[in-house]
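Undergrad: For reference, the file coords.tsv (TSV, C-alpha atoms) is included below:
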```tsv
chain	number	residue	atom	x	y	z
I	72	MET	CA	20.22	23.16	65.13
I	73	GLN	CA	21.75	19.82	64.19
I	74	VAL	CA	25.01	18.80	65.89
I	75	PRO	CA	26.58	15.53	64.70
I	76	LEU	CA	28.82	13.52	67.00
I	77	MET	CA	31.59	13.83	64.39
I	78	ASP	CA	31.88	15.71	61.10
I	79	LEU	CA	34.23	14.16	58.56
I	80	LYS	CA	32.74	16.28	55.77
I	81	ALA	CA	33.82	19.51	57.47
I	82	GLU	CA	37.36	18.19	57.86
I	83	TYR	CA	37.48	17.07	54.24
I	84	ALA	CA	36.23	20.45	53.01
I	85	ALA	CA	39.03	22.18	54.95
I	86	LEU	CA	41.74	19.87	53.58
I	87	LYS	CA	40.41	18.94	50.14
I	88	PRO	CA	43.12	20.61	48.00
I	89	GLN	CA	45.97	19.01	49.99
I	90	MET	CA	44.14	15.66	50.06
I	91	THR	CA	43.57	15.66	46.30
I	92	GLU	CA	47.20	16.50	45.61
I	93	ALA	CA	48.54	13.85	48.00
I	94	ILE	CA	46.29	11.10	46.65
I	95	ASP	CA	47.06	12.04	43.05
I	96	GLU	CA	50.81	11.89	43.72
I	97	ALA	CA	50.46	8.46	45.35
I	98	LEU	CA	48.44	7.14	42.42
I	99	SER	CA	50.72	8.70	39.82
I	100	SER	CA	53.75	6.92	41.28
I	101	MET	CA	51.88	3.59	41.41
I	102	GLN	CA	54.13	2.57	44.30
I	103	LEU	CA	51.08	1.64	46.34
I	104	VAL	CA	52.52	-0.57	49.10
I	105	LEU	CA	55.18	0.35	51.71
I	106	GLY	CA	56.35	3.30	49.63
I	107	PRO	CA	57.49	6.85	50.46
I	108	ASN	CA	54.22	7.92	52.09
I	109	VAL	CA	54.28	5.02	54.55
I	110	GLN	CA	57.96	5.61	55.25
I	111	SER	CA	57.35	9.31	55.87
I	112	LEU	CA	54.44	8.61	58.21
I	113	GLU	CA	56.46	6.03	60.13
I	114	GLN	CA	59.38	8.41	60.59
I	115	GLN	CA	57.20	11.34	61.65
I	116	TRP	CA	55.14	9.21	64.05
I	117	ALA	CA	58.25	7.74	65.70
I	118	GLU	CA	59.63	11.26	66.23
I	119	LEU	CA	56.33	12.58	67.60
I	120	VAL	CA	55.83	9.70	70.03
I	121	GLY	CA	59.50	9.64	71.05
I	122	VAL	CA	60.42	6.09	70.05
I	123	GLU	CA	62.97	4.52	67.73
I	124	TYR	CA	60.51	2.77	65.45
I	125	ALA	CA	56.97	3.10	64.11
I	126	ILE	CA	55.67	0.36	61.80
I	127	GLY	CA	52.52	0.94	59.75
I	128	VAL	CA	49.99	-1.90	59.59
I	129	GLY	CA	46.54	-2.55	58.17
I	130	SER	CA	44.46	-1.58	61.23
I	131	GLY	CA	44.55	-1.02	64.96
I	132	THR	CA	43.28	-4.56	65.47
I	133	ASP	CA	46.11	-5.94	63.33
I	134	ALA	CA	48.50	-3.85	65.41
I	135	LEU	CA	47.36	-5.60	68.59
I	136	ILE	CA	47.57	-9.07	67.05
I	137	ILE	CA	51.01	-8.47	65.54
I	138	ALA	CA	52.38	-6.91	68.74
I	139	LEU	CA	51.29	-9.94	70.77
I	140	LYS	CA	52.61	-12.35	68.14
I	141	ALA	CA	55.94	-10.50	67.92
I	142	MET	CA	56.39	-11.02	71.67
I	143	GLY	CA	55.86	-14.76	71.25
I	144	ILE	CA	52.56	-14.75	73.13
I	145	GLY	CA	50.22	-17.61	72.22
I	146	ALA	CA	48.60	-20.82	73.41
I	147	GLY	CA	48.83	-21.39	77.16
I	148	ASP	CA	49.68	-17.75	77.91
I	149	GLU	CA	47.55	-15.21	79.76
I	150	VAL	CA	47.28	-11.49	79.04
I	151	ILE	CA	45.73	-9.07	81.51
I	152	THR	CA	43.50	-6.29	80.21
I	153	VAL	CA	40.11	-4.66	80.86
I	154	GLY	CA	36.53	-5.26	79.82
I	155	TRP	CA	36.08	-1.49	79.35
I	156	THR	CA	37.39	-1.34	75.81
I	157	PHE	CA	36.42	-2.00	72.22
I	158	ILE	CA	36.25	-5.75	71.66
I	159	ALA	CA	39.39	-5.70	69.49
I	160	THR	CA	41.60	-5.57	72.60
I	161	ILE	CA	40.19	-8.87	73.87
I	162	GLU	CA	39.74	-10.29	70.38
I	163	ALA	CA	43.44	-9.94	69.59
I	164	ILE	CA	44.43	-11.91	72.69
I	165	ILE	CA	42.05	-14.73	71.75
I	166	LEU	CA	43.14	-14.72	68.10
I	167	VAL	CA	46.78	-15.42	69.01
I	168	GLY	CA	45.62	-18.35	71.15
I	169	ALA	CA	46.16	-16.72	74.55
I	170	ARG	CA	43.64	-16.27	77.37
I	171	PRO	CA	42.36	-12.81	78.35
I	172	VAL	CA	42.30	-12.17	82.09
I	173	LEU	CA	40.19	-9.15	82.94
I	174	VAL	CA	40.57	-6.64	85.76
I	175	ASP	CA	38.29	-3.74	86.61
I	176	ILE	CA	38.81	-0.07	85.86
I	177	GLU	CA	39.25	2.80	88.29
I	178	PRO	CA	36.10	4.97	88.33
I	179	GLU	CA	37.60	8.41	87.66
I	180	HIS	CA	39.34	7.90	84.31
I	181	TYR	CA	37.89	4.50	83.26
I	182	CYS	CA	41.39	3.04	82.84
I	183	LEU	CA	42.85	-0.21	84.19
I	184	ASP	CA	43.08	-0.13	88.01
I	185	PRO	CA	46.74	-0.93	88.85
I	186	GLU	CA	45.79	-1.99	92.38
I	187	LEU	CA	44.00	-5.02	90.94
I	188	LEU	CA	46.91	-6.28	88.84
I	189	GLU	CA	48.86	-8.35	91.37
I	190	GLN	CA	45.89	-10.56	92.25
I	191	ALA	CA	45.28	-11.31	88.54
I	192	ILE	CA	48.84	-12.53	87.86
I	193	THR	CA	49.48	-16.28	87.57
I	194	PRO	CA	52.52	-18.30	86.42
I	195	ARG	CA	51.02	-18.15	82.90
I	196	THR	CA	50.75	-14.35	82.73
I	197	ARG	CA	52.92	-12.91	79.96
I	198	ALA	CA	51.70	-9.36	79.33
I	199	ILE	CA	49.46	-6.48	80.33
I	200	ILE	CA	47.46	-4.35	77.88
I	201	PRO	CA	46.37	-1.07	79.50
I	202	VAL	CA	43.86	0.90	77.40
I	203	HIS	CA	44.14	4.70	77.29
I	204	VAL	CA	40.41	4.94	76.93
I	205	TYR	CA	38.63	8.04	75.58
I	206	GLY	CA	42.06	9.71	75.25
I	207	HIS	CA	43.08	9.65	78.93
I	208	PRO	CA	46.32	7.78	79.77
I	209	ALA	CA	46.26	4.86	82.16
I	210	ASP	CA	48.49	5.04	85.26
I	211	MET	CA	51.59	3.77	83.46
I	212	ALA	CA	54.04	4.24	86.32
I	213	ALA	CA	52.06	1.94	88.59
I	214	ILE	CA	51.38	-0.55	85.76
I	215	ASN	CA	55.05	-0.66	84.71
I	216	ASN	CA	56.14	-1.19	88.32
I	217	VAL	CA	53.99	-4.32	88.52
I	218	ALA	CA	55.12	-5.47	85.07
I	219	GLU	CA	58.80	-5.07	85.97
I	220	LYS	CA	58.36	-6.89	89.27
I	221	HIS	CA	56.81	-9.90	87.51
I	222	ASN	CA	58.81	-9.74	84.27
I	223	LEU	CA	55.74	-9.00	82.11
I	224	ARG	CA	55.53	-7.24	78.75
I	225	VAL	CA	53.38	-4.10	78.39
I	226	ILE	CA	51.47	-3.26	75.22
I	227	GLU	CA	49.80	0.15	75.35
I	228	ASP	CA	46.45	0.30	73.56
I	229	CYS	CA	46.62	3.90	72.33
I	230	ALA	CA	43.86	3.55	69.73
I	231	GLN	CA	41.92	6.45	71.28
I	232	ALA	CA	44.80	8.51	72.62
I	233	HIS	CA	46.87	10.04	69.81
I	234	LEU	CA	49.50	12.35	71.40
I	235	ALA	CA	48.07	12.12	74.91
I	236	THR	CA	50.85	12.37	77.50
I	237	TYR	CA	51.70	10.84	80.87
I	238	GLU	CA	54.30	12.60	83.04
I	239	GLY	CA	55.32	14.58	79.96
I	240	GLU	CA	55.92	11.50	77.79
I	241	MET	CA	53.75	10.46	74.85
I	242	VAL	CA	51.60	7.38	75.20
I	243	GLY	CA	53.02	4.68	72.96
I	244	SER	CA	56.50	5.28	74.39
I	245	LEU	CA	55.77	4.04	77.92
I	246	GLY	CA	55.58	0.27	77.45
I	247	ASP	CA	57.36	-2.34	75.34
I	248	CYS	CA	55.28	-1.15	72.42
I	249	GLY	CA	52.20	0.93	71.65
I	250	ILE	CA	49.43	0.38	69.13
I	251	PHE	CA	47.44	3.11	67.38
I	252	SER	CA	44.37	2.97	65.16
I	253	PHE	CA	43.71	5.32	62.24
I	254	TYR	CA	40.05	4.34	61.92
I	255	MET	CA	37.83	7.13	60.60
I	256	SER	CA	36.63	8.29	64.03
I	257	LYS	CA	40.07	8.71	65.62
I	258	ASN	CA	41.87	12.00	66.32
I	259	LEU	CA	44.15	11.08	63.41
I	260	SER	CA	42.05	9.15	60.92
I	261	GLY	CA	42.31	7.74	57.44
I	262	TYR	CA	39.58	7.21	54.88
I	263	GLY	CA	39.52	3.47	55.45
I	264	GLU	CA	41.59	1.30	57.77
I	265	GLY	CA	45.08	1.73	59.13
I	266	GLY	CA	47.22	1.42	62.23
I	267	ILE	CA	50.77	1.74	63.52
I	268	ILE	CA	52.92	0.06	66.16
I	269	THR	CA	55.57	1.95	68.13
I	270	ALA	CA	58.61	0.38	69.78
I	271	SER	CA	62.21	1.13	70.70
I	272	ASP	CA	63.60	-2.41	70.81
I	273	ASN	CA	65.28	-3.27	67.50
I	274	LYS	CA	64.58	-7.03	67.64
I	275	LEU	CA	60.92	-6.48	68.48
I	276	ALA	CA	60.55	-3.92	65.68
I	277	GLU	CA	62.16	-6.28	63.16
I	278	GLN	CA	59.78	-9.08	64.16
I	279	ILE	CA	56.81	-6.71	63.74
I	280	ARG	CA	58.02	-5.75	60.24
I	281	LEU	CA	58.30	-9.42	59.28
I	282	LEU	CA	54.87	-10.27	60.64
I	283	ARG	CA	53.07	-7.42	58.83
I	284	ASN	CA	54.34	-8.59	55.43
I	285	HIS	CA	54.15	-12.40	55.20
I	286	GLY	CA	57.56	-12.81	56.86
I	287	TYR	CA	59.14	-11.32	53.73
I	288	THR	CA	62.90	-10.78	53.85
I	289	SER	CA	63.88	-10.59	50.17
I	290	LYS	CA	62.45	-11.40	46.77
I	291	TYR	CA	60.89	-14.89	46.84
I	292	GLU	CA	62.01	-15.45	50.44
I	293	HIS	CA	59.80	-15.56	53.54
I	294	GLN	CA	61.49	-16.16	56.87
I	295	ILE	CA	58.40	-16.70	59.07
I	296	ILE	CA	54.64	-17.16	58.69
I	297	GLY	CA	53.15	-13.68	58.90
I	298	TYR	CA	50.13	-11.62	57.91
I	299	ASN	CA	48.99	-9.43	55.06
I	300	SER	CA	48.84	-6.21	57.06
I	301	ARG	CA	50.60	-3.52	55.07
I	302	LEU	CA	49.47	0.08	55.49
I	303	ASP	CA	48.72	1.22	51.94
I	304	GLU	CA	50.21	4.30	50.32
I	305	ILE	CA	46.91	6.12	49.73
I	306	GLN	CA	45.93	5.88	53.41
I	307	ALA	CA	49.44	6.98	54.41
I	308	ALA	CA	49.22	9.97	52.02
I	309	ILE	CA	45.91	11.02	53.63
I	310	LEU	CA	47.34	10.54	57.13
I	311	ASN	CA	50.44	12.62	56.28
I	312	VAL	CA	48.18	15.53	55.31
I	313	LYS	CA	46.04	15.20	58.43
I	314	LEU	CA	49.08	14.75	60.67
I	315	GLN	CA	50.03	18.38	60.11
I	316	ARG	CA	46.82	19.39	61.95
I	317	LEU	CA	46.79	16.77	64.69
I	318	GLU	CA	48.35	18.87	67.44
I	319	TRP	CA	46.09	21.79	66.51
I	320	GLY	CA	43.11	19.43	66.53
I	321	ASN	CA	43.97	18.06	69.98
I	322	GLN	CA	44.38	21.57	71.35
I	323	ARG	CA	41.02	22.55	69.86
I	324	ARG	CA	39.43	19.52	71.54
I	325	ARG	CA	40.86	20.67	74.89
I	326	GLU	CA	39.43	24.16	74.37
I	327	LEU	CA	36.00	22.74	73.60
I	328	ALA	CA	36.22	20.40	76.61
I	329	ALA	CA	36.91	23.44	78.82
I	330	ILE	CA	33.73	25.08	77.49
I	331	TYR	CA	31.76	21.95	78.37
I	332	ASP	CA	33.43	21.71	81.80
I	333	GLU	CA	32.39	25.26	82.71
I	334	ALA	CA	28.89	25.08	81.26
I	335	LEU	CA	28.05	21.74	82.91
I	336	ALA	CA	29.80	22.31	86.25
I	337	SER	CA	26.63	22.92	88.27
I	338	LEU	CA	24.73	19.89	86.95
I	339	PRO	CA	24.31	16.54	88.77
I	340	ILE	CA	26.63	14.81	86.31
I	341	THR	CA	30.26	13.70	86.29
I	342	THR	CA	32.44	15.41	83.69
I	343	PRO	CA	35.86	14.05	82.61
I	344	ALA	CA	38.50	13.96	85.35
I	345	ILE	CA	42.15	14.42	84.42
I	346	ALA	CA	44.96	12.94	86.51
I	347	PRO	CA	47.64	15.50	87.55
I	348	GLN	CA	50.31	13.68	85.52
I	349	ALA	CA	48.16	13.32	82.38
I	350	GLU	CA	47.23	15.35	79.31
I	351	HIS	CA	43.92	14.24	77.81
I	352	ALA	CA	43.55	13.86	74.03
I	353	TYR	CA	39.73	14.08	74.28
I	354	HIS	CA	39.00	11.51	71.63
I	355	LEU	CA	35.63	11.48	73.37
I	356	TYR	CA	34.06	13.81	75.93
I	357	THR	CA	32.42	11.45	78.41
I	358	ILE	CA	29.87	12.48	81.01
I	359	ARG	CA	28.16	10.26	83.52
I	360	THR	CA	24.67	10.27	85.02
I	361	PRO	CA	22.21	7.64	86.32
I	362	GLN	CA	19.70	9.36	83.99
I	363	ARG	CA	21.79	8.49	80.93
I	364	ASP	CA	19.07	6.85	78.84
I	365	ALA	CA	16.56	9.65	79.42
I	366	LEU	CA	19.23	12.24	78.56
I	367	ALA	CA	20.13	10.31	75.40
I	368	ALA	CA	16.50	10.37	74.27
I	369	TYR	CA	16.32	14.11	74.97
I	370	LEU	CA	19.47	14.80	72.94
I	371	GLU	CA	18.07	12.78	70.06
I	372	GLU	CA	14.88	14.84	70.14
I	373	HIS	CA	17.04	17.96	69.80
I	374	ASP	CA	19.12	16.64	66.84
I	375	ILE	CA	22.29	16.25	68.89
I	376	GLY	CA	24.58	13.32	68.16
I	377	PHE	CA	25.88	11.24	71.06
I	378	ALA	CA	27.39	7.85	71.82
I	379	THR	CA	27.27	5.45	74.75
I	380	HIS	CA	30.64	3.66	74.74
I	381	TYR	CA	30.43	1.06	76.26
I	382	ARG	CA	26.82	0.40	77.18
I	383	SER	CA	27.49	-3.28	76.47
I	384	PRO	CA	31.07	-3.88	77.67
I	385	ALA	CA	33.35	-6.15	75.65
I	386	HIS	CA	33.37	-8.97	78.21
I	387	LEU	CA	29.56	-9.22	78.12
I	388	GLN	CA	29.37	-9.53	74.33
I	389	PRO	CA	28.00	-12.86	73.02
I	390	ALA	CA	31.32	-13.49	71.27
I	391	CYS	CA	33.13	-13.59	74.63
I	392	ARG	CA	30.80	-16.02	76.41
I	393	PRO	CA	32.54	-19.19	75.12
I	394	TYR	CA	35.70	-17.95	76.85
I	395	GLY	CA	33.94	-17.39	80.18
I	396	LEU	CA	34.66	-13.66	80.20
I	397	HIS	CA	31.08	-12.84	81.21
I	398	LEU	CA	31.91	-14.40	84.59
I	399	ALA	CA	34.56	-11.77	85.38
I	400	GLU	CA	33.67	-9.63	88.39
I	401	LEU	CA	33.93	-6.05	87.10
I	402	PRO	CA	31.46	-3.99	89.16
I	403	VAL	CA	32.96	-0.58	88.32
I	404	THR	CA	32.86	-1.42	84.62
I	405	GLU	CA	29.27	-2.62	84.72
I	406	GLN	CA	28.02	0.39	86.65
I	407	ALA	CA	29.77	2.75	84.22
I	408	ALA	CA	28.07	0.91	81.34
I	409	ASP	CA	24.69	2.09	82.64
I	410	GLU	CA	25.74	5.71	83.11
I	411	VAL	CA	28.23	7.03	80.54
I	412	LEU	CA	27.40	9.16	77.51
I	413	GLN	CA	29.65	10.93	75.02
I	414	LEU	CA	28.85	14.44	73.76
I	415	PRO	CA	30.06	15.81	70.39
I	416	ILE	CA	33.67	16.95	70.41
I	417	HIS	CA	35.86	17.41	67.34
I	418	PRO	CA	38.04	20.24	65.97
I	419	TYR	CA	35.44	21.46	63.48
I	420	LEU	CA	32.70	21.89	66.08
I	421	SER	CA	31.74	25.57	66.36
I	422	GLU	CA	31.36	27.33	69.69
I	423	GLU	CA	27.74	28.01	68.73
I	424	GLN	CA	27.19	24.27	68.35
I	425	ILE	CA	28.91	23.35	71.61
I	426	GLU	CA	26.96	26.02	73.48
I	427	TYR	CA	23.73	24.60	72.02
I	428	VAL	CA	24.70	21.12	73.23
I	429	ALA	CA	25.55	22.44	76.71
I	430	GLU	CA	22.31	24.45	76.90
I	431	THR	CA	20.31	21.40	75.87
I	432	VAL	CA	21.94	19.24	78.54
I	433	CYS	CA	21.25	21.99	81.11
I	434	SER	CA	17.62	22.25	80.00
I	435	PHE	CA	17.18	18.49	80.46
I	436	PHE	CA	18.26	18.70	84.11
I	437	ALA	CA	16.25	21.88	84.65
```
Spell out the structure here as structure tokens.

TA:
Amino acid sequence: MQVPLMDLKAEYAALKPQMTEAIDEALSSMQLVLGPNVQSLEQQWAELVGVEYAIGVGSGTDALIIALKAMGIGAGDEVITVGWTFIATIEAIILVGARPVLVDIEPEHYCLDPELLEQAITPRTRAIIPVHVYGHPADMAAINNVAEKHNLRVIEDCAQAHLATYEGEMVGSLGDCGIFSFYMSKNLSGYGEGGIITASDNKLAEQIRLLRNHGYTSKYEHQIIGYNSRLDEIQAAILNVKLQRLEWGNQRRRELAAIYDEALASLPITTPAIAPQAEHAYHLYTIRTPQRDALAAYLEEHDIGFATHYRSPAHLQPACRPYGLHLAELPVTEQAADEVLQLPIHPYLSEEQIEYVAETVCSFFA
């Protein structure tokens, strides 16, 4: 049996009639930029997340850059984040001219360890970017307490955590703003690139809108220097169709995670932990074992897809060496990098497939 890590073809087959209709309507109108589909997505996303504003942009990476820029963060400033993330989190900080300052993660949920924040703060610190990695929320109460004490902004990196919750509130509503990615692998994904920024402060939202569209205020008038980062109508049309199934998809992921949890409970591995105040979105189902590489080879032999995010953490990438990030002391991060592995989990995975994956993992340890 072959089990892919993700299956976009199965999703497309299930939604093809609605997709075709939505794309055809967008093309027929020829209003291809910042039109009714983008407006509808922005309104629905703001309501779902529980914020005043949601602003569609070209990608999750653009969302990070624009959020930082909208807060006036740039040269001479420092932004605290983690090395346990996709490189875009760090990249965005560097691209606005600021300096990334990295702290380690806590070992249970792989999110920023709030206990390490105070020692990383300097007079130049302007913001914190916690990453809700794999779909599990960071400890936002503790992070916000530190941020408030030191007058710091908080940008939630929610790229992997669509509709995950913390203390009953949606991620993306817990900081000054939240950024989401609609890359093809995400719980809510387009067929290309896309992202969205959430906020409840009117002035911040207005600055984000200006920055995403060349600082445009009216015909032939540009108030500030901005970016070309408009979410296009075709991607928004696709996302509006998929949005109707997002909550179902997240619930299905939780059901499949429960099957894994039970089947793998007796093995010498670590399965995903969930904090009492959190609801996991299970973008990825991450297990941990010192025998990771041997298990990965065994899964490959049995036609089972897997991933190892992040076997080479962002701060150890060659691109980050000129900024000295490889010198950061992140022992929890670097140990996790040798041990984590992601098993297939998506709404179109059958129980037969997930049982085959679980049986194969069990047979490896047997």

Undergrad: Do you know which residues are at most 8 Å from Val428 in chain I counting only C-alpha atoms, after dropping those on the same chain fewer than 3 positions away, and could you put them as a PyMOL selection string?

TA: chain I and resi 74+375+414+424-425+431-432

Undergrad: Of the candidates I:Gly286, I:Pro201, I:Gly297, I:Gly206, which one gets nearest to Glu350 in chain I if we count only C-alpha atoms?

TA: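 Between I:Gly286, I:Pro201, I:Gly297, I:Gly206, the residue approaching Glu350 in chain I most closely is I:Gly206.
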
Undergrad: Show me, as a compact mmCIF listing (two decimals) with C-alpha atoms, in the coordinates of the input, the residues that have an atom within 7 Å of Gly261 in chain I when counting all atoms listed in the file, minus same-chain residues fewer than 3 positions from it.

TA:
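See result-v1.txt below for the written result:
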```txt
# COMPACT_ATOMS: atom_id res chain seq x y z
CA PHE I 253 43.71 5.32 62.24
CA TYR I 254 40.05 4.34 61.92
CA MET I 255 37.83 7.13 60.60
CA GLU I 264 41.59 1.30 57.77
CA GLY I 265 45.08 1.73 59.13
CA GLN I 306 45.93 5.88 53.41
CA ILE I 309 45.91 11.02 53.63
CA LEU I 310 47.34 10.54 57.13
```

Undergrad: The residues within 12 Å of (44.0, 0.9, 77.7), using all atoms listed in the file and the coordinates of the file, should be reported as JSON, numbers by chain; which are they?

TA: {"I": [135, 151, 152, 153, 154, 155, 156, 157, 158, 159, 160, 161, 173, 174, 175, 176, 177, 180, 181, 182, 183, 184, 185, 199, 200, 201, 202, 203, 204, 205, 206, 207, 208, 209, 210, 211, 214, 225, 226, 227, 228, 229, 230, 231, 232, 242, 243, 246, 249, 250, 251]}

Undergrad: Mind giving me the straight-line distance from CA of His354 in chain I to CA of His417 in chain I in Å, one decimal?

TA: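 Straight-line distance from CA of His354 in chain I to CA of His417 in chain I works out to 7.9 Å.
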
Undergrad: Of the candidates I:Ile165, I:Ala429, I:Ile345, I:Ile192, which shows the shortest atom-to-atom distance to Leu396 in chain I, using all atoms listed in the file?

TA: I:Ile165

Undergrad: Could you tell me which of I:Ala336, I:Cys433, I:Val150, I:Ala235 comes closest to Leu223 in chain I if we count only C-alpha atoms?

TA: I:Val150

Undergrad: Choose the residue, out of I:Ile137, I:Leu338, I:Gly395, I:Leu420, that has the smallest atom-to-atom separation from Gly376 in chain I; count all atoms listed in the file.

TA: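 Under the stated criterion, the closest residue is I:Leu420.
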
Undergrad: Please determine, counting only C-alpha atoms, which residue among I:Trp319, I:Tyr291, I:Tyr394, I:Tyr381 has the shortest atom-to-atom distance to Gln406 in chain I.

TA: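 Ranked by minimum distance to Gln406 in chain I, first place goes to I:Tyr381.
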
Undergrad: Kindly give the distance, in Å, that separates CA of Thr379 in chain I and CA of Glu179 in chain I, rounded to a single decimal.

TA: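 Those two atoms sit 16.8 Å apart.
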
Undergrad: What's the 6 Å shell around Glu149 in chain I, counting only C-alpha atoms, without same-chain residues fewer than 5 positions away, as a VMD selection string?

TA: chain I and resid 169 to 171 195 to 197
